[in-house]
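Step one of this worksheet: look at the structure below.
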Amino acid sequence: MIRRKYIDAFRKLETPFYFYDMDLLVRTLQEYSSELSKRGYKAHYALKANADPRILSMVRSMGFGADCVSGNEVRLAVESGFPSDKIVYAGVGKTDKEIIYALKADIFCFNCESLPELEVIDALAGKCRKKARVSLRINPDIDAHTHSYISTGRKEDKFGISEYAFDEVFALLEKSANIEFAGLHFHVGSQITDMNVFRELCSKVDNVVGLFENRGFQVQNINMGGGLGVDYENPEIFPVPDFREYFSTIARNLRSAKGRTVHFEPGRALVAQCGHLISRVLYVKHGQTRNFAVIDAGMNDLIRPALYGASHKIENITSTGDYLEYDVVGPVCESSDRFGSSVSLRETDRGDIIAIHSAGAYGQVMAMRYNQRKIAETYYSDLI
């Protein structure tokens, strides 16, 4: 999966570091764009997945807009060259300062998550003498059948406006002088691999669109969010998600798409597989029942396994020995600093190089300096 010429170069570099396969990134972006353009859909890349400058530059150059969930992400999108009319801004806790910046930047729209937020945006837009374009994020009460931490569309989740509040929403929209209703926004979670979830979402979207239009609100834009998963177990076999099946599922089931612009917010699906966390083995500890491979990358570099038990394929890319089982752990002073238990690795020794694959999404962007550890360096396939 990682070519030999890169492994030879890795031997000379200080670890840990993130390595991005730019060829795979380009291929993934091209395949997504191809399926997108067949149907006239639009996409806004979710910056929260990976905000590396070169990644953002490549994504922008391919014509994607930006999906932001904080004021600083909106600012980064603007400063990275994303056109303002392709920037959308979601998030349940937008501050006044962030809203004002986005208004002045003249972004495409706010994905509004609550009635109080709608009131605040209306008031701030009036003070700024602006008209705020707003898409309402709807909570569709759909279980994405993924980890509870990344499921966002159930009625008990904090995200979006539920159907019981629609009458209040209609009344508020009618009296808001500084709001331009742009459409509806939906997002049910992340790392979704069951197409039935998206089929159910399409049905719910059709129903909600009908409710709004029956009340006289023209729904010009439908934002389907993101959430398409990647294969963490077999990244070398399936390096690019099946975008054709995904978009075909949407096209076959979203009846309300006709006459409207349909938007998507891909993140993980575009960048996960191109990124790898590269580390060295510090020590191999042989217990009575378990072997521990202690590596120099820690949960501060890649927090997903510690945060919600995420699993990544782990590979010893410099050994040719027989396969043995190891618990792969890091140096951080926490028992949760563990990348995998009973991982099958080629016989491992001090100094071997370990690759943790599929780390391009929610890896480097979530890195921190816990234990005062340094932030890992970054290398790219076309510059190494």
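Ligands are numbered from 1 in the order shown, chains are lettered A, B, ... in the order of the structure tokens, and residues start at 1 in each chain.
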
Enumerate as a ChimeraX atom specification all residues of region 42-150 of chain A assigned to helix (DSSP H, G or I) by DSSP on the backbone, naming them with the chain letters and numbers the document uses.
/A:47-49,53-61,71-79,84-86,96-105,115-127,148-150

Shell of 9 Å around region 253-267 of chain A, only C-alpha atoms, local chain residues under 6 positions omitted, as a PyMOL selection string
chain A and resi 40-50+65-67+185+187+198-203+205-207+209-210+219-228+361

Keeping only C-alpha atoms, take the residues you just selected and write them out as a tab-separated table (two decimals), in the first residue's frame.
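Saved the output as again_36.tsv:
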```tsv
chain	number	residue	atom	x	y	z
A	40	GLY	CA	-25.49	18.37	-11.38
A	41	TYR	CA	-24.90	18.13	-7.63
A	42	LYS	CA	-22.63	20.47	-5.65
A	43	ALA	CA	-20.18	19.65	-2.85
A	44	HIS	CA	-18.66	21.53	0.07
A	45	TYR	CA	-15.63	19.84	1.62
A	46	ALA	CA	-15.88	19.44	5.41
A	47	LEU	CA	-12.80	21.21	6.76
A	48	LYS	CA	-13.15	19.48	10.12
A	49	ALA	CA	-11.92	16.22	8.55
A	50	ASN	CA	-8.52	17.60	7.58
A	65	GLY	CA	-16.73	24.53	-1.81
A	66	ALA	CA	-16.18	24.49	1.96
A	67	ASP	CA	-18.32	23.21	4.82
A	185	HIS	CA	-29.96	20.90	5.51
A	187	HIS	CA	-26.86	15.28	8.27
A	198	PHE	CA	-29.37	7.13	2.98
A	199	ARG	CA	-32.55	5.65	1.48
A	200	GLU	CA	-34.37	6.42	4.71
A	201	LEU	CA	-32.89	9.92	4.72
A	202	CYS	CA	-34.17	10.58	1.18
A	203	SER	CA	-37.68	9.60	2.25
A	205	VAL	CA	-36.15	14.78	3.11
A	206	ASP	CA	-39.01	14.38	0.61
A	207	ASN	CA	-41.52	14.58	3.46
A	209	VAL	CA	-39.67	19.48	1.72
A	210	GLY	CA	-43.37	18.87	1.18
A	219	VAL	CA	-37.02	25.06	-1.00
A	220	GLN	CA	-34.36	26.00	-3.56
A	221	ASN	CA	-31.50	24.01	-2.00
A	222	ILE	CA	-31.36	20.59	-0.36
A	223	ASN	CA	-28.16	19.83	1.55
A	224	MET	CA	-27.82	16.08	2.20
A	225	GLY	CA	-24.76	16.46	4.45
A	226	GLY	CA	-22.03	13.84	4.32
A	227	GLY	CA	-21.38	10.68	6.29
A	228	LEU	CA	-20.28	8.14	3.67
A	361	ALA	CA	-9.47	12.13	8.39
```

All residues 8 Å or closer to Phe108 (chain A), only C-alpha atoms, same chain fewer than 2 positions away omitted, as number ranges by chain:
A: 84-88, 106, 110, 133

Print the selection's residues with all heavy atoms to a file, as a PDB file, in the first residue's frame.
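File written: result_37.pdb
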```pdb
ATOM      1  N   SER A  84     -16.445  32.694  -1.524  1.00  0.00           N
ATOM      2  CA  SER A  84     -17.437  32.902  -0.460  1.00  0.00           C
ATOM      3  C   SER A  84     -18.780  32.291  -0.805  1.00  0.00           C
ATOM      4  O   SER A  84     -19.496  31.790   0.072  1.00  0.00           O
ATOM      5  CB  SER A  84     -17.596  34.398  -0.182  1.00  0.00           C
ATOM      6  OG  SER A  84     -16.414  34.933   0.377  1.00  0.00           O
ATOM      7  N   ASP A  85     -19.146  32.331  -2.093  1.00  0.00           N
ATOM      8  CA  ASP A  85     -20.454  31.802  -2.475  1.00  0.00           C
ATOM      9  C   ASP A  85     -20.495  30.278  -2.523  1.00  0.00           C
ATOM     10  O   ASP A  85     -21.502  29.687  -2.919  1.00  0.00           O
ATOM     11  CB  ASP A  85     -20.914  32.392  -3.812  1.00  0.00           C
ATOM     12  CG  ASP A  85     -19.999  32.021  -4.978  1.00  0.00           C
ATOM     13  OD1 ASP A  85     -18.983  31.320  -4.765  1.00  0.00           O
ATOM     14  OD2 ASP A  85     -20.304  32.438  -6.109  1.00  0.00           O
ATOM     15  N   LYS A  86     -19.391  29.629  -2.081  1.00  0.00           N
ATOM     16  CA  LYS A  86     -19.365  28.177  -1.961  1.00  0.00           C
ATOM     17  C   LYS A  86     -19.119  27.730  -0.520  1.00  0.00           C
ATOM     18  O   LYS A  86     -18.855  26.558  -0.267  1.00  0.00           O
ATOM     19  CB  LYS A  86     -18.282  27.574  -2.868  1.00  0.00           C
ATOM     20  CG  LYS A  86     -18.571  27.675  -4.362  1.00  0.00           C
ATOM     21  CD  LYS A  86     -17.499  26.937  -5.156  1.00  0.00           C
ATOM     22  CE  LYS A  86     -17.799  26.943  -6.641  1.00  0.00           C
ATOM     23  NZ  LYS A  86     -16.766  26.184  -7.415  1.00  0.00           N
ATOM     24  N   ILE A  87     -19.195  28.682   0.423  1.00  0.00           N
ATOM     25  CA  ILE A  87     -18.925  28.362   1.821  1.00  0.00           C
ATOM     26  C   ILE A  87     -20.246  28.265   2.586  1.00  0.00           C
ATOM     27  O   ILE A  87     -21.081  29.166   2.534  1.00  0.00           O
ATOM     28  CB  ILE A  87     -18.036  29.436   2.473  1.00  0.00           C
ATOM     29  CG1 ILE A  87     -16.653  29.466   1.799  1.00  0.00           C
ATOM     30  CG2 ILE A  87     -17.878  29.165   3.973  1.00  0.00           C
ATOM     31  CD1 ILE A  87     -15.750  30.580   2.292  1.00  0.00           C
ATOM     32  N   VAL A  88     -20.439  27.153   3.302  1.00  0.00           N
ATOM     33  CA  VAL A  88     -21.597  26.993   4.182  1.00  0.00           C
ATOM     34  C   VAL A  88     -21.080  26.856   5.614  1.00  0.00           C
ATOM     35  O   VAL A  88     -19.983  26.338   5.848  1.00  0.00           O
ATOM     36  CB  VAL A  88     -22.461  25.773   3.792  1.00  0.00           C
ATOM     37  CG1 VAL A  88     -23.068  25.973   2.415  1.00  0.00           C
ATOM     38  CG2 VAL A  88     -21.652  24.477   3.826  1.00  0.00           C
ATOM     39  N   ASP A 106     -19.900  37.357   3.369  1.00  0.00           N
ATOM     40  CA  ASP A 106     -20.941  37.079   2.373  1.00  0.00           C
ATOM     41  C   ASP A 106     -20.923  35.621   1.922  1.00  0.00           C
ATOM     42  O   ASP A 106     -20.930  35.314   0.732  1.00  0.00           O
ATOM     43  CB  ASP A 106     -20.797  38.015   1.164  1.00  0.00           C
ATOM     44  CG  ASP A 106     -22.076  38.087   0.341  1.00  0.00           C
ATOM     45  OD1 ASP A 106     -23.160  37.868   0.921  1.00  0.00           O
ATOM     46  OD2 ASP A 106     -21.981  38.354  -0.878  1.00  0.00           O
ATOM     47  N   PHE A 110     -25.825  30.111   6.091  1.00  0.00           N
ATOM     48  CA  PHE A 110     -25.698  29.506   7.415  1.00  0.00           C
ATOM     49  C   PHE A 110     -26.593  28.277   7.442  1.00  0.00           C
ATOM     50  O   PHE A 110     -27.756  28.347   7.012  1.00  0.00           O
ATOM     51  CB  PHE A 110     -26.175  30.480   8.500  1.00  0.00           C
ATOM     52  CG  PHE A 110     -25.348  31.714   8.655  1.00  0.00           C
ATOM     53  CD1 PHE A 110     -25.590  32.837   7.861  1.00  0.00           C
ATOM     54  CD2 PHE A 110     -24.334  31.779   9.599  1.00  0.00           C
ATOM     55  CE1 PHE A 110     -24.839  33.992   8.005  1.00  0.00           C
ATOM     56  CE2 PHE A 110     -23.573  32.935   9.750  1.00  0.00           C
ATOM     57  CZ  PHE A 110     -23.820  34.038   8.950  1.00  0.00           C
ATOM     58  N   ARG A 133     -28.489  34.559   4.311  1.00  0.00           N
ATOM     59  CA  ARG A 133     -29.062  33.382   3.672  1.00  0.00           C
ATOM     60  C   ARG A 133     -28.958  32.217   4.654  1.00  0.00           C
ATOM     61  O   ARG A 133     -27.868  31.924   5.173  1.00  0.00           O
ATOM     62  CB  ARG A 133     -28.329  33.066   2.368  1.00  0.00           C
ATOM     63  CG  ARG A 133     -28.635  34.034   1.236  1.00  0.00           C
ATOM     64  CD  ARG A 133     -27.848  33.692  -0.030  1.00  0.00           C
ATOM     65  NE  ARG A 133     -26.417  33.880   0.175  1.00  0.00           N
ATOM     66  CZ  ARG A 133     -25.780  35.037   0.039  1.00  0.00           C
ATOM     67  NH1 ARG A 133     -26.462  36.135  -0.279  1.00  0.00           N
ATOM     68  NH2 ARG A 133     -24.482  35.137   0.237  1.00  0.00           N
TER      69      ARG A 133
END
```

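CA of Ser61 (chain A) is positioned 25.9 Å from CA of Glu98 (chain A).
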
Taking 2 positions as the minimum chain separation for residues in the same chain, which residues sit within 10 Å of Phe166 (chain A) when counting only C-alpha atoms? Answer as a list in words.
Leu115, Ile138, Ile161, Ser162, Glu163, Tyr164, Glu168, Val169, Phe170, Ala171, Leu172, Val208, Leu211 and Phe212 of chain A

Keeping only C-alpha atoms, write the selected residues to a file as a compact mmCIF listing (two decimals), in the first residue's frame.
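File produced: part.txt:
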```
# COMPACT_ATOMS: atom_id res chain seq x y z
CA LEU A 115 -34.87 28.74 16.68
CA ILE A 138 -33.46 19.48 10.25
CA ILE A 161 -34.52 21.38 14.43
CA SER A 162 -37.12 18.68 15.06
CA GLU A 163 -40.48 18.45 13.35
CA TYR A 164 -42.45 19.36 16.49
CA GLU A 168 -42.64 28.02 15.36
CA VAL A 169 -40.08 27.94 12.55
CA PHE A 170 -42.66 28.96 9.96
CA ALA A 171 -43.82 31.86 12.12
CA LEU A 172 -40.26 33.01 12.80
CA VAL A 208 -39.98 17.68 5.05
CA LEU A 211 -44.22 20.30 4.61
CA PHE A 212 -42.29 23.50 3.93
```

What does the structure give for the distance between CA of Leu76 (chain A) and CA of Gly229 (chain A), in Å to one decimal?
25.2 Å

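Atom pair CA of Cys109 (chain A) / CA of Ser135 (chain A) has a distance of 6.5 Å (rounded to one decimal).
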
Quick one: everything within 9 Å of Asp382 (chain A), counting only C-alpha atoms, minus sequence neighbours fewer than 3 positions away in the same chain. Send it as a PyMOL selection string.
chain A and resi 20-23+379

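Distances here use only C-alpha atoms; by that measure, the residue among A:Val59, A:Leu36, A:Leu29, A:Met299 closest to Glu245 (chain A) is A:Leu36.
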
Quick check for you: according to DSSP on this backbone, which residues of region 81-280 of chain A are classed as strand (DSSP E)? Reply as an MDAnalysis selection string.
chainID A and resid 87:89 109:112 132:137 179:185 221:223 261:264 275:280

File dump, residues just selected, N, CA and C atoms, as a tab-separated table (two decimals), in the first residue's frame:
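Generated output (selection21.tsv):
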```
chain	number	residue	atom	x	y	z
A	87	ILE	N	-19.20	28.68	0.42
A	87	ILE	CA	-18.92	28.36	1.82
A	87	ILE	C	-20.25	28.26	2.59
A	88	VAL	N	-20.44	27.15	3.30
A	88	VAL	CA	-21.60	26.99	4.18
A	88	VAL	C	-21.08	26.86	5.61
A	89	TYR	N	-21.89	27.32	6.56
A	89	TYR	CA	-21.45	27.40	7.95
A	89	TYR	C	-22.49	26.76	8.87
A	109	CYS	N	-24.39	30.39	2.77
A	109	CYS	CA	-25.49	30.32	3.73
A	109	CYS	C	-25.03	29.79	5.08
A	110	PHE	N	-25.82	30.11	6.09
A	110	PHE	CA	-25.70	29.51	7.41
A	110	PHE	C	-26.59	28.28	7.44
A	111	ASN	N	-26.08	27.17	7.96
A	111	ASN	CA	-26.93	26.02	8.26
A	111	ASN	C	-27.38	26.20	9.70
A	112	CYS	N	-28.58	26.71	9.88
A	112	CYS	CA	-29.07	27.13	11.19
A	112	CYS	C	-29.64	25.94	11.96
A	132	ALA	N	-29.12	37.67	5.60
A	132	ALA	CA	-28.48	36.39	5.88
A	132	ALA	C	-29.20	35.26	5.17
A	133	ARG	N	-28.49	34.56	4.31
A	133	ARG	CA	-29.06	33.38	3.67
A	133	ARG	C	-28.96	32.22	4.65
A	134	VAL	N	-30.08	31.55	4.88
A	134	VAL	CA	-30.13	30.51	5.91
A	134	VAL	C	-30.79	29.25	5.37
A	135	SER	N	-30.10	28.12	5.56
A	135	SER	CA	-30.72	26.81	5.38
A	135	SER	C	-30.98	26.25	6.77
A	136	LEU	N	-32.13	25.69	6.98
A	136	LEU	CA	-32.47	25.15	8.29
A	136	LEU	C	-32.00	23.71	8.39
A	137	ARG	N	-31.18	23.43	9.41
A	137	ARG	CA	-30.77	22.05	9.62
A	137	ARG	C	-31.88	21.31	10.35
A	179	ILE	N	-33.64	37.73	7.10
A	179	ILE	CA	-33.35	36.33	6.77
A	179	ILE	C	-33.88	36.02	5.38
A	180	GLU	N	-33.03	35.40	4.58
A	180	GLU	CA	-33.46	34.86	3.28
A	180	GLU	C	-33.44	33.34	3.38
A	181	PHE	N	-34.59	32.71	3.29
A	181	PHE	CA	-34.68	31.26	3.41
A	181	PHE	C	-34.08	30.62	2.16
A	182	ALA	N	-32.96	29.87	2.35
A	182	ALA	CA	-32.25	29.29	1.21
A	182	ALA	C	-32.58	27.83	0.96
A	183	GLY	N	-33.01	27.11	2.01
A	183	GLY	CA	-33.30	25.70	1.82
A	183	GLY	C	-33.21	24.91	3.10
A	184	LEU	N	-33.01	23.60	2.96
A	184	LEU	CA	-32.99	22.68	4.09
A	184	LEU	C	-31.69	21.88	4.10
A	185	HIS	N	-31.24	21.60	5.31
A	185	HIS	CA	-29.96	20.90	5.51
A	185	HIS	C	-30.20	19.69	6.40
A	221	ASN	N	-32.70	24.83	-2.21
A	221	ASN	CA	-31.50	24.01	-2.00
A	221	ASN	C	-31.78	22.91	-0.97
A	222	ILE	N	-31.31	21.72	-1.30
A	222	ILE	CA	-31.36	20.59	-0.36
A	222	ILE	C	-29.92	20.16	-0.09
A	223	ASN	N	-29.50	20.25	1.17
A	223	ASN	CA	-28.16	19.83	1.55
A	223	ASN	C	-28.27	18.49	2.27
A	261	THR	N	-31.36	22.53	-6.29
A	261	THR	CA	-29.93	22.23	-6.25
A	261	THR	C	-29.65	21.36	-5.04
A	262	VAL	N	-28.97	20.24	-5.28
A	262	VAL	CA	-28.67	19.29	-4.20
A	262	VAL	C	-27.19	19.41	-3.84
A	263	HIS	N	-26.93	19.57	-2.55
A	263	HIS	CA	-25.57	19.78	-2.05
A	263	HIS	C	-25.15	18.61	-1.16
A	264	PHE	N	-23.83	18.41	-1.08
A	264	PHE	CA	-23.25	17.38	-0.21
A	264	PHE	C	-22.06	17.98	0.53
A	275	GLY	N	-4.09	9.37	3.99
A	275	GLY	CA	-3.21	9.72	5.09
A	275	GLY	C	-2.75	8.52	5.91
A	276	HIS	N	-1.49	8.56	6.35
A	276	HIS	CA	-0.91	7.49	7.17
A	276	HIS	C	-0.11	8.13	8.30
A	277	LEU	N	-0.22	7.57	9.49
A	277	LEU	CA	0.62	7.99	10.60
A	277	LEU	C	1.79	7.02	10.68
A	278	ILE	N	2.99	7.56	10.52
A	278	ILE	CA	4.21	6.72	10.47
A	278	ILE	C	4.95	6.86	11.80
A	279	SER	N	5.34	5.72	12.37
A	279	SER	CA	5.95	5.70	13.69
A	279	SER	C	7.06	4.65	13.75
A	280	ARG	N	7.90	4.76	14.77
A	280	ARG	CA	8.94	3.75	15.01
A	280	ARG	C	8.66	2.99	16.28
```
